[in-house]
$ cat start.pdb   # PDB, C-alpha atoms
ATOM      1  CA  MET A   1     -23.071   8.166   1.863
ATOM      2  CA  LYS A   2     -20.148   5.904   2.845
ATOM      3  CA  THR A   3     -16.606   7.240   2.763
ATOM      4  CA  SER A   4     -13.337   5.431   2.238
ATOM      5  CA  LEU A   5      -9.628   6.144   1.955
ATOM      6  CA  ILE A   6      -7.880   4.118  -0.752
ATOM      7  CA  LEU A   7      -4.082   3.793  -0.784
ATOM      8  CA  GLU A   8      -1.939   2.705  -3.727
ATOM      9  CA  GLY A   9       1.338   0.874  -3.136
ATOM     10  CA  GLY A  10       4.713   1.665  -4.658
ATOM     11  CA  ALA A  11       7.421   0.551  -2.183
ATOM     12  CA  MET A  12       9.196   3.638  -0.786
ATOM     13  CA  ARG A  13       7.001   5.961  -2.813
ATOM     14  CA  GLY A  14       4.727   5.078   0.088
ATOM     15  CA  MET A  15       6.506   7.757   2.138
ATOM     16  CA  PHE A  16       4.332  10.174   0.154
ATOM     17  CA  THR A  17       1.279   8.321   1.469
ATOM     18  CA  CYS A  18       2.679   8.512   5.010
ATOM     19  CA  GLY A  19       2.849  12.284   4.726
ATOM     20  CA  VAL A  20      -0.733  12.446   3.497
ATOM     21  CA  ILE A  21      -2.208  10.248   6.213
ATOM     22  CA  ASP A  22      -0.328  12.056   8.971
ATOM     23  CA  VAL A  23      -1.896  15.359   7.895
ATOM     24  CA  LEU A  24      -5.330  13.727   7.754
ATOM     25  CA  MET A  25      -4.899  12.370  11.277
ATOM     26  CA  GLU A  26      -3.590  15.686  12.611
ATOM     27  CA  HIS A  27      -6.769  17.363  11.383
ATOM     28  CA  GLY A  28      -9.112  14.696  12.722
ATOM     29  CA  ILE A  29     -10.285  13.480   9.313
ATOM     30  CA  THR A  30     -11.835  10.027   9.472
ATOM     31  CA  PHE A  31     -13.455   7.565   7.072
ATOM     32  CA  ASP A  32     -15.963   4.760   7.330
ATOM     33  CA  SER A  33     -13.367   2.413   5.870
ATOM     34  CA  ALA A  34      -9.995   2.271   4.157
ATOM     35  CA  ALA A  35      -8.269  -0.015   1.685
ATOM     36  CA  GLY A  36      -4.584  -0.545   1.051
ATOM     37  CA  ILE A  37      -2.465  -2.439  -1.431
ATOM     38  CA  SER A  38       1.167  -3.403  -0.771
ATOM     39  CA  ALA A  39       2.944  -0.370   0.745
ATOM     40  CA  GLY A  40      -0.469   1.251   1.026
ATOM     41  CA  ALA A  41      -1.391  -1.545   3.437
ATOM     42  CA  VAL A  42       1.780  -1.818   5.520
ATOM     43  CA  PHE A  43       2.040   1.958   5.972
ATOM     44  CA  GLY A  44      -1.685   2.716   5.839
ATOM     45  CA  CYS A  45      -2.502   0.439   8.765
ATOM     46  CA  ASN A  46      -1.107   3.213  10.964
ATOM     47  CA  PHE A  47      -4.094   5.346   9.972
ATOM     48  CA  LYS A  48      -6.408   2.857  11.646
ATOM     49  CA  SER A  49      -4.162   2.611  14.719
ATOM     50  CA  ARG A  50      -3.933   6.451  14.730
ATOM     51  CA  GLN A  51      -0.130   6.449  15.075
ATOM     52  CA  ILE A  52       0.964   9.748  13.598
ATOM     53  CA  GLY A  53       4.573   9.672  12.428
ATOM     54  CA  ARG A  54       5.226   6.010  13.062
ATOM     55  CA  PRO A  55       5.997   4.735   9.518
ATOM     56  CA  ILE A  56       8.286   7.612   8.549
ATOM     57  CA  ARG A  57      10.051   7.255  11.918
ATOM     58  CA  TYR A  58      10.826   3.547  11.676
ATOM     59  CA  ASN A  59      11.669   3.683   7.995
ATOM     60  CA  LYS A  60      14.244   6.410   8.573
ATOM     61  CA  GLN A  61      15.696   4.537  11.530
ATOM     62  CA  TYR A  62      15.928   1.089   9.939
ATOM     63  CA  CYS A  63      16.125   1.688   6.172
ATOM     64  CA  ALA A  64      19.840   0.796   6.113
ATOM     65  CA  ASP A  65      19.508  -2.151   8.500
ATOM     66  CA  PRO A  66      20.183  -5.388   6.562
ATOM     67  CA  ARG A  67      17.521  -7.146   8.621
ATOM     68  CA  TYR A  68      14.930  -4.760   7.187
ATOM     69  CA  CYS A  69      15.762  -4.850   3.483
ATOM     70  CA  SER A  70      18.899  -6.212   1.840
ATOM     71  CA  LEU A  71      20.369  -8.645  -0.630
ATOM     72  CA  ARG A  72      21.640 -10.561   2.396
ATOM     73  CA  SER A  73      18.078 -10.969   3.630
ATOM     74  CA  LEU A  74      17.005 -12.183   0.196
ATOM     75  CA  ILE A  75      19.794 -14.781   0.061
ATOM     76  CA  LEU A  76      19.360 -16.017   3.629
ATOM     77  CA  THR A  77      15.574 -15.918   3.941
ATOM     78  CA  GLY A  78      14.134 -15.714   0.436
ATOM     79  CA  ASP A  79      12.647 -12.281   1.197
ATOM     80  CA  LEU A  80      14.193  -8.961   0.225
ATOM     81  CA  TYR A  81      12.289  -7.398   3.113
ATOM     82  CA  GLY A  82      13.003  -9.624   6.111
ATOM     83  CA  ALA A  83       9.698 -11.140   7.184
ATOM     84  CA  ASP A  84      10.557 -11.782  10.830
ATOM     85  CA  PHE A  85      12.113  -8.373  11.319
ATOM     86  CA  CYS A  86       9.439  -6.374   9.464
ATOM     87  CA  TYR A  87       6.355  -8.166  10.743
ATOM     88  CA  ARG A  88       7.371  -9.306  14.234
ATOM     89  CA  GLU A  89      10.444  -7.666  15.731
ATOM     90  CA  LEU A  90       9.755  -4.186  14.403
ATOM     91  CA  PRO A  91       6.021  -3.913  15.262
ATOM     92  CA  ASP A  92       6.215  -5.929  18.491
ATOM     93  CA  GLU A  93       9.468  -4.663  20.014
ATOM     94  CA  LEU A  94      11.294  -1.841  18.233
ATOM     95  CA  ASP A  95       8.529   0.602  17.222
ATOM     96  CA  VAL A  96       5.397  -0.922  18.652
ATOM     97  CA  PHE A  97       2.271  -1.114  16.508
ATOM     98  CA  ASN A  98      -0.739  -0.215  18.645
ATOM     99  CA  ARG A  99      -2.876  -3.286  18.131
ATOM    100  CA  GLN A 100      -5.378  -2.204  20.764
ATOM    101  CA  ALA A 101      -6.029   1.131  19.052
ATOM    102  CA  PHE A 102      -6.234  -0.650  15.685
ATOM    103  CA  ARG A 103      -8.779  -3.099  17.102
ATOM    104  CA  GLU A 104     -10.886  -0.444  18.844
ATOM    105  CA  ASN A 105     -11.125   1.833  15.807
ATOM    106  CA  PRO A 106     -14.397   0.823  14.067
ATOM    107  CA  MET A 107     -13.064   1.795  10.645
ATOM    108  CA  GLY A 108     -12.725  -1.157   8.282
ATOM    109  CA  PHE A 109      -9.323  -1.784   6.698
ATOM    110  CA  TYR A 110      -9.394  -3.901   3.547
ATOM    111  CA  VAL A 111      -6.111  -5.299   2.273
ATOM    112  CA  GLY A 112      -5.654  -6.914  -1.127
ATOM    113  CA  ALA A 113      -3.219  -9.685  -2.076
ATOM    114  CA  THR A 114      -2.807 -11.747  -5.247
ATOM    115  CA  ASP A 115      -3.725 -15.434  -5.156
ATOM    116  CA  ILE A 116      -0.929 -16.839  -7.317
ATOM    117  CA  GLU A 117      -2.899 -19.939  -8.309
ATOM    118  CA  THR A 118      -5.969 -18.065  -9.586
ATOM    119  CA  GLY A 119      -4.272 -14.841 -10.667
ATOM    120  CA  GLU A 120      -6.935 -12.812  -8.848
ATOM    121  CA  CYS A 121      -6.831 -10.216  -6.096
ATOM    122  CA  VAL A 122      -8.460 -11.327  -2.853
ATOM    123  CA  PHE A 123      -9.251  -9.115   0.125
ATOM    124  CA  ARG A 124      -9.358  -9.400   3.885
ATOM    125  CA  ASN A 125     -10.947  -6.901   6.227
ATOM    126  CA  CYS A 126      -8.178  -6.558   8.814
ATOM    127  CA  VAL A 127      -9.981  -5.520  11.976
ATOM    128  CA  ASP A 128      -7.881  -6.429  15.002
ATOM    129  CA  GLY A 129      -4.170  -6.224  14.154
ATOM    130  CA  SER A 130      -3.740  -9.899  14.961
ATOM    131  CA  ASP A 131      -0.927 -12.108  13.713
ATOM    132  CA  ALA A 132      -3.295 -13.154  10.925
ATOM    133  CA  ASP A 133      -3.705  -9.523   9.896
ATOM    134  CA  MET A 134       0.078  -9.080   9.968
ATOM    135  CA  THR A 135       0.441 -12.094   7.713
ATOM    136  CA  TRP A 136      -2.016 -10.537   5.284
ATOM    137  CA  PHE A 137      -0.119  -7.217   5.334
ATOM    138  CA  ARG A 138       3.034  -9.150   4.522
ATOM    139  CA  ALA A 139       1.319 -11.009   1.695
ATOM    140  CA  SER A 140       0.019  -7.792   0.163
ATOM    141  CA  ALA A 141       3.532  -6.319   0.095
ATOM    142  CA  SER A 142       5.467  -9.431  -0.998
ATOM    143  CA  MET A 143       6.926  -8.410  -4.328
ATOM    144  CA  PRO A 144       7.256 -11.165  -6.928
ATOM    145  CA  LEU A 145      10.691 -12.691  -7.567
ATOM    146  CA  VAL A 146      12.165 -11.166  -4.396
ATOM    147  CA  SER A 147       9.680 -12.626  -1.895
ATOM    148  CA  ARG A 148       8.429 -16.040  -0.946
ATOM    149  CA  PRO A 149       4.716 -16.610  -1.518
ATOM    150  CA  VAL A 150       2.845 -16.252   1.755
ATOM    151  CA  ALA A 151       0.662 -19.194   2.768
ATOM    152  CA  PHE A 152      -2.642 -18.261   4.385
ATOM    153  CA  GLU A 153      -5.691 -20.470   4.874
ATOM    154  CA  GLY A 154      -5.005 -22.653   1.858
ATOM    155  CA  ARG A 155      -3.924 -19.821  -0.446
ATOM    156  CA  LEU A 156      -0.500 -18.765  -1.698
ATOM    157  CA  LEU A 157      -0.320 -14.987  -1.867
ATOM    158  CA  LEU A 158       1.897 -12.242  -3.277
ATOM    159  CA  ASP A 159       1.744  -8.491  -3.862
ATOM    160  CA  GLY A 160      -1.792  -7.216  -4.402
ATOM    161  CA  GLY A 161      -0.537  -4.604  -6.852
ATOM    162  CA  ILE A 162      -0.012  -7.315  -9.463
ATOM    163  CA  THR A 163      -3.758  -7.645  -9.974
ATOM    164  CA  ASP A 164      -5.419  -4.570  -8.390
ATOM    165  CA  ALA A 165      -3.144  -1.579  -8.018
ATOM    166  CA  VAL A 166      -5.848   0.773  -6.690
ATOM    167  CA  PRO A 167      -8.908  -1.072  -5.325
ATOM    168  CA  TYR A 168     -11.536   1.615  -5.918
ATOM    169  CA  ARG A 169     -13.825  -0.760  -7.800
ATOM    170  CA  TYR A 170     -13.713  -3.210  -4.914
ATOM    171  CA  MET A 171     -14.643  -0.491  -2.441
ATOM    172  CA  GLU A 172     -17.386   0.863  -4.688
ATOM    173  CA  GLY A 173     -18.771  -2.659  -4.848
ATOM    174  CA  LEU A 174     -19.023  -2.626  -1.049
ATOM    175  CA  GLY A 175     -21.062   0.581  -1.210
ATOM    176  CA  TYR A 176     -18.366   3.166  -0.525
ATOM    177  CA  ASP A 177     -19.349   6.016  -2.809
ATOM    178  CA  ARG A 178     -17.198   8.922  -1.533
ATOM    179  CA  ASN A 179     -13.611   7.831  -1.998
ATOM    180  CA  VAL A 180     -10.419   9.763  -1.339
ATOM    181  CA  ILE A 181      -7.704   8.024  -3.340
ATOM    182  CA  VAL A 182      -3.978   8.452  -2.705
ATOM    183  CA  LEU A 183      -1.728   7.637  -5.665
ATOM    184  CA  THR A 184       2.067   7.611  -5.625
ATOM    185  CA  GLN A 185       2.664   8.554  -9.262
ATOM    186  CA  PRO A 186       1.945  11.955 -10.848
ATOM    187  CA  LYS A 187      -1.006  12.663 -13.125
ATOM    188  CA  GLY A 188      -0.464  11.262 -16.605
ATOM    189  CA  TYR A 189       1.854   8.454 -15.521
ATOM    190  CA  ARG A 190       1.300   5.219 -17.401
ATOM    191  CA  LYS A 191       3.038   1.925 -16.737
ATOM    192  CA  ARG A 192       5.121   0.220 -19.418
ATOM    193  CA  PRO A 193       5.045  -3.527 -20.084
ATOM    194  CA  THR A 194       7.017  -5.502 -17.525
ATOM    195  CA  SER A 195      10.555  -6.176 -18.702
ATOM    196  CA  GLY A 196      12.191  -9.574 -18.421
ATOM    197  CA  MET A 197       8.998 -11.536 -18.988
ATOM    198  CA  VAL A 198      10.953 -14.582 -20.212
ATOM    199  CA  LEU A 199      12.624 -14.804 -16.809
ATOM    200  CA  ILE A 200       9.349 -14.094 -15.014
ATOM    201  CA  ARG A 201       7.496 -16.805 -16.944
ATOM    202  CA  LEU A 202      10.276 -19.229 -16.132
ATOM    203  CA  ALA A 203      10.167 -18.329 -12.442
ATOM    204  CA  CYS A 204       6.357 -18.566 -12.419
ATOM    205  CA  ARG A 205       6.043 -21.691 -14.580
ATOM    206  CA  ARG A 206       4.118 -23.505 -11.819
ATOM    207  CA  TYR A 207       1.640 -20.623 -11.667
ATOM    208  CA  PRO A 208       0.636 -19.691 -15.215
ATOM    209  CA  ARG A 209      -2.204 -17.429 -14.094
ATOM    210  CA  LEU A 210       0.218 -15.395 -12.026
ATOM    211  CA  ALA A 211       2.527 -15.100 -15.031
ATOM    212  CA  GLU A 212      -0.396 -13.977 -17.178
ATOM    213  CA  ALA A 213      -1.396 -11.364 -14.604
ATOM    214  CA  MET A 214       2.138 -10.017 -14.539
ATOM    215  CA  THR A 215       2.217  -9.904 -18.326
ATOM    216  CA  ARG A 216      -0.934  -7.772 -18.345
ATOM    217  CA  ARG A 217      -0.155  -5.743 -15.256
ATOM    218  CA  HIS A 218       0.537  -2.564 -17.212
ATOM    219  CA  GLU A 219      -2.794  -2.883 -19.025
ATOM    220  CA  MET A 220      -4.662  -3.223 -15.728
ATOM    221  CA  TYR A 221      -2.821  -0.280 -14.212
ATOM    222  CA  ASN A 222      -3.253   2.037 -17.178
ATOM    223  CA  ARG A 223      -6.956   1.214 -17.418
ATOM    224  CA  GLN A 224      -7.331   2.089 -13.747
ATOM    225  CA  MET A 225      -5.579   5.422 -14.270
ATOM    226  CA  GLU A 226      -7.935   6.274 -17.127
ATOM    227  CA  GLU A 227     -10.943   5.408 -14.986
ATOM    228  CA  LEU A 228      -9.615   7.413 -12.043
ATOM    229  CA  ASP A 229      -9.037  10.441 -14.257
ATOM    230  CA  ALA A 230     -12.701  10.216 -15.266
ATOM    231  CA  ARG A 231     -13.886   9.802 -11.672
ATOM    232  CA  GLU A 232     -11.782  12.757 -10.591
ATOM    233  CA  ALA A 233     -13.069  14.969 -13.415
ATOM    234  CA  SER A 234     -16.691  14.150 -12.568
ATOM    235  CA  GLY A 235     -16.206  14.735  -8.855
ATOM    236  CA  GLN A 236     -17.056  11.124  -8.026
ATOM    237  CA  SER A 237     -13.677  10.619  -6.318
ATOM    238  CA  LEU A 238     -11.043  12.944  -4.919
ATOM    239  CA  VAL A 239      -7.519  12.010  -5.943
ATOM    240  CA  LEU A 240      -4.300  13.049  -4.210
ATOM    241  CA  ARG A 241      -1.041  12.471  -6.062
ATOM    242  CA  PRO A 242       2.486  13.898  -6.170
ATOM    243  CA  PRO A 243       2.948  16.863  -8.514
ATOM    244  CA  GLU A 244       5.842  15.131 -10.264
ATOM    245  CA  ALA A 245       7.696  11.825 -10.221
ATOM    246  CA  LEU A 246       9.042  11.220  -6.727
ATOM    247  CA  GLY A 247      12.369   9.836  -7.914
ATOM    248  CA  ILE A 248      12.905   7.527  -4.979
ATOM    249  CA  GLY A 249      14.231   3.986  -5.129
ATOM    250  CA  HIS A 250      12.174   0.927  -4.222
ATOM    251  CA  THR A 251      14.723   0.099  -1.513
ATOM    252  CA  GLU A 252      15.854   3.612  -0.587
ATOM    253  CA  LYS A 253      18.538   3.654   2.127
ATOM    254  CA  ASP A 254      18.913   7.407   2.588
ATOM    255  CA  PRO A 255      16.788   8.773   5.467
ATOM    256  CA  GLU A 256      16.908  12.252   3.947
ATOM    257  CA  GLU A 257      15.317  10.966   0.751
ATOM    258  CA  LEU A 258      12.571   9.269   2.750
ATOM    259  CA  GLU A 259      11.935  12.519   4.614
ATOM    260  CA  ARG A 260      11.879  14.492   1.349
ATOM    261  CA  VAL A 261       9.158  12.307  -0.134
ATOM    262  CA  TYR A 262       7.232  12.312   3.147
ATOM    263  CA  GLN A 263       7.228  16.105   3.109
ATOM    264  CA  VAL A 264       5.902  16.128  -0.457
ATOM    265  CA  GLY A 265       2.942  14.099   0.799
ATOM    266  CA  ARG A 266       2.377  16.489   3.674
ATOM    267  CA  THR A 267       2.475  19.492   1.369
ATOM    268  CA  VAL A 268      -0.044  17.999  -1.056
ATOM    269  CA  ALA A 269      -2.424  17.046   1.762
ATOM    270  CA  GLU A 270      -2.186  20.452   3.419
ATOM    271  CA  LYS A 271      -2.889  22.244   0.135
ATOM    272  CA  ARG A 272      -5.928  20.040  -0.509
ATOM    273  CA  LEU A 273      -7.206  19.949   3.073
ATOM    274  CA  GLN A 274     -10.260  22.136   2.479
ATOM    275  CA  ASP A 275     -11.083  20.184  -0.701
ATOM    276  CA  ILE A 276     -10.953  16.929   1.258
ATOM    277  CA  GLN A 277     -13.156  18.232   4.060
ATOM    278  CA  LYS A 278     -15.710  19.641   1.619
ATOM    279  CA  PHE A 279     -15.725  16.424  -0.434
ATOM    280  CA  LEU A 280     -16.429  14.259   2.620
ATOM    281  CA  GLN A 281     -19.217  16.538   3.820
ATOM    282  CA  GLN A 282     -21.189  16.524   0.567
TER     283      GLN A 282
END

$ encode --input "start.pdb" --output "structure tokens"
Amino acid sequence: MKTSLILEGGAMRGMFTCGVIDVLMEHGITFDSAAGISAGAVFGCNFKSRQIGRPIRYNKQYCADPRYCSLRSLILTGDLYGADFCYRELPDELDVFNRQAFRENPMGFYVGATDIETGECVFRNCVDGSDADMTWFRASASMPLVSRPVAFEGRLLLDGGITDAVPYRYMEGLGYDRNVIVLTQPKGYRKRPTSGMVLIRLACRRYPRLAEAMTRRHEMYNRQMEELDAREASGQSLVLRPPEALGIGHTEKDPEELERVYQVGRTVAEKRLQDIQKFLQQ
């Protein structure tokens, strides 16, 4: 049996995930590997570095800082979330990411990003918290239209959630057969077709496979939700999700709202703690 923790994205809905992983860490729950997409990667990396409370702390402190996320950042840098601030200044100076602990933890940490030329999700096992890993985290969370594509080893990359919102199939393909999956939408949620596709196709005219992936994104997501419902019902996977829509903005600036959603995640994880422990011991 090989266990993994799989983390969906969802921008600031990821505060729910932060609450879940903090409870898991507080109770000493570990996995053979983990996988994160978008916010699931940039917040979930703290599970591998074992830094309880770090992502909710820095998000509350810097959520209103224009260097972190702002229209000004988008205009000046091409990124809604400032790349230098988020992936260098913040983890290296302001709220230090423990690269040594990340590197010494033997747990794998797979991060998915979308190759905009092929329209496929590609993965990297981020093992040491290096600058290369940080670049991959950034790529995974770079939302289309409000982020520059991230260049990495001959690829141009954007948000992994475009092509693989919840990478359970990828992890199953690697042999991980006991998966705890953290979603950031309530049970029964289904994604609608992306609005503004004329504008998106125009913006992505150099990358038709990316445009096609964005056109079909809702189909991919809804198919995954159907499959996860079946896996949950059969006991193949254990799924944690909020009891209702979290109602938080993608670029939330209110620290109290971030804390509210974080506490929802904690509550769900605490209620399901015995289920999680039993599931991983089977």

$ resolve_selection --input "start.pdb" --expression "the PyMOL selection byres ((chain A and resi 243) around 10)" --output "VMD selection string"
chain A and resid 184 to 187 240 to 242 244 to 246 264 to 265 268

$ write_last_selection --input "start.pdb" --atoms "C-alpha atoms" --output "compact mmCIF listing (two decimals), in the frame of the given file"
# COMPACT_ATOMS: atom_id res chain seq x y z
CA THR A 184 2.07 7.61 -5.62
CA GLN A 185 2.66 8.55 -9.26
CA PRO A 186 1.94 11.96 -10.85
CA LYS A 187 -1.01 12.66 -13.12
CA LEU A 240 -4.30 13.05 -4.21
CA ARG A 241 -1.04 12.47 -6.06
CA PRO A 242 2.49 13.90 -6.17
CA GLU A 244 5.84 15.13 -10.26
CA ALA A 245 7.70 11.82 -10.22
CA LEU A 246 9.04 11.22 -6.73
CA VAL A 264 5.90 16.13 -0.46
CA GLY A 265 2.94 14.10 0.80
CA VAL A 268 -0.04 18.00 -1.06

$ resolve_selection --input "start.pdb" --expression "the PyMOL selection byres ((chain A and resi 152-164) around 7)" --output "PyMOL selection string"
chain A and resi 9+37-38+112-116+120-121+139-144+149-151+165-167+213-214+217

$ write_last_selection --input "start.pdb" --atoms "C-alpha atoms" --output "compact mmCIF listing (two decimals), in the frame of the given file"
# COMPACT_ATOMS: atom_id res chain seq x y z
CA GLY A 9 1.34 0.87 -3.14
CA ILE A 37 -2.46 -2.44 -1.43
CA SER A 38 1.17 -3.40 -0.77
CA GLY A 112 -5.65 -6.91 -1.13
CA ALA A 113 -3.22 -9.68 -2.08
CA THR A 114 -2.81 -11.75 -5.25
CA ASP A 115 -3.72 -15.43 -5.16
CA ILE A 116 -0.93 -16.84 -7.32
CA GLU A 120 -6.94 -12.81 -8.85
CA CYS A 121 -6.83 -10.22 -6.10
CA ALA A 139 1.32 -11.01 1.70
CA SER A 140 0.02 -7.79 0.16
CA ALA A 141 3.53 -6.32 0.10
CA SER A 142 5.47 -9.43 -1.00
CA MET A 143 6.93 -8.41 -4.33
CA PRO A 144 7.26 -11.16 -6.93
CA PRO A 149 4.72 -16.61 -1.52
CA VAL A 150 2.84 -16.25 1.76
CA ALA A 151 0.66 -19.19 2.77
CA ALA A 165 -3.14 -1.58 -8.02
CA VAL A 166 -5.85 0.77 -6.69
CA PRO A 167 -8.91 -1.07 -5.32
CA ALA A 213 -1.40 -11.36 -14.60
CA MET A 214 2.14 -10.02 -14.54
CA ARG A 217 -0.16 -5.74 -15.26

$ closest_residue --input "start.pdb" --among "A:Gly108, A:Gly78, A:Gly247, A:Pro55" --to "Lys2 of chain A" --atoms "all atoms listed in the file"
A:Gly108

$ axis_aligned_box --input "start.pdb" --around "segment 235-247 of chain A" --padding-each-side "3 Å" --output "JSON"
{"center_x": -2.3, "center_y": 13.3, "center_z": -7.2, "size_x": 35.4, "size_y": 13.0, "size_z": 12.1}

$ closest_residue --input "start.pdb" --among "A:Arg266, A:Arg57, A:Arg148, A:Arg50" --to "Arg103 of chain A" --atoms "only C-alpha atoms"
A:Arg50

$ closest_atom_pairs --input "start.pdb" --of "segment 76-118 of chain A" --to "segment 62-70 of chain A" --cutoff "6 Å" --atoms "all atoms listed in the file" --output "Markdown table"
| residue | atom | partner | partner_atom | distance |
| --- | --- | --- | --- | --- |
| A:Leu80 | CA | A:Cys69 | CA | 5.5 |
| A:Tyr81 | CA | A:Cys69 | CA | 4.3 |
| A:Gly82 | CA | A:Tyr68 | CA | 5.3 |

$ write_last_selection --input "start.pdb" --atoms "C-alpha atoms" --output "CSV table (one decimal), in the coordinates of the input"
chain,number,residue,atom,x,y,z
A,80,LEU,CA,14.2,-9.0,0.2
A,81,TYR,CA,12.3,-7.4,3.1
A,82,GLY,CA,13.0,-9.6,6.1

$ atom_distance --input "start.pdb" --atom1 "atom CA of Cys18 of chain A" --atom2 "atom CA of Lys271 of chain A"
15.6 Å
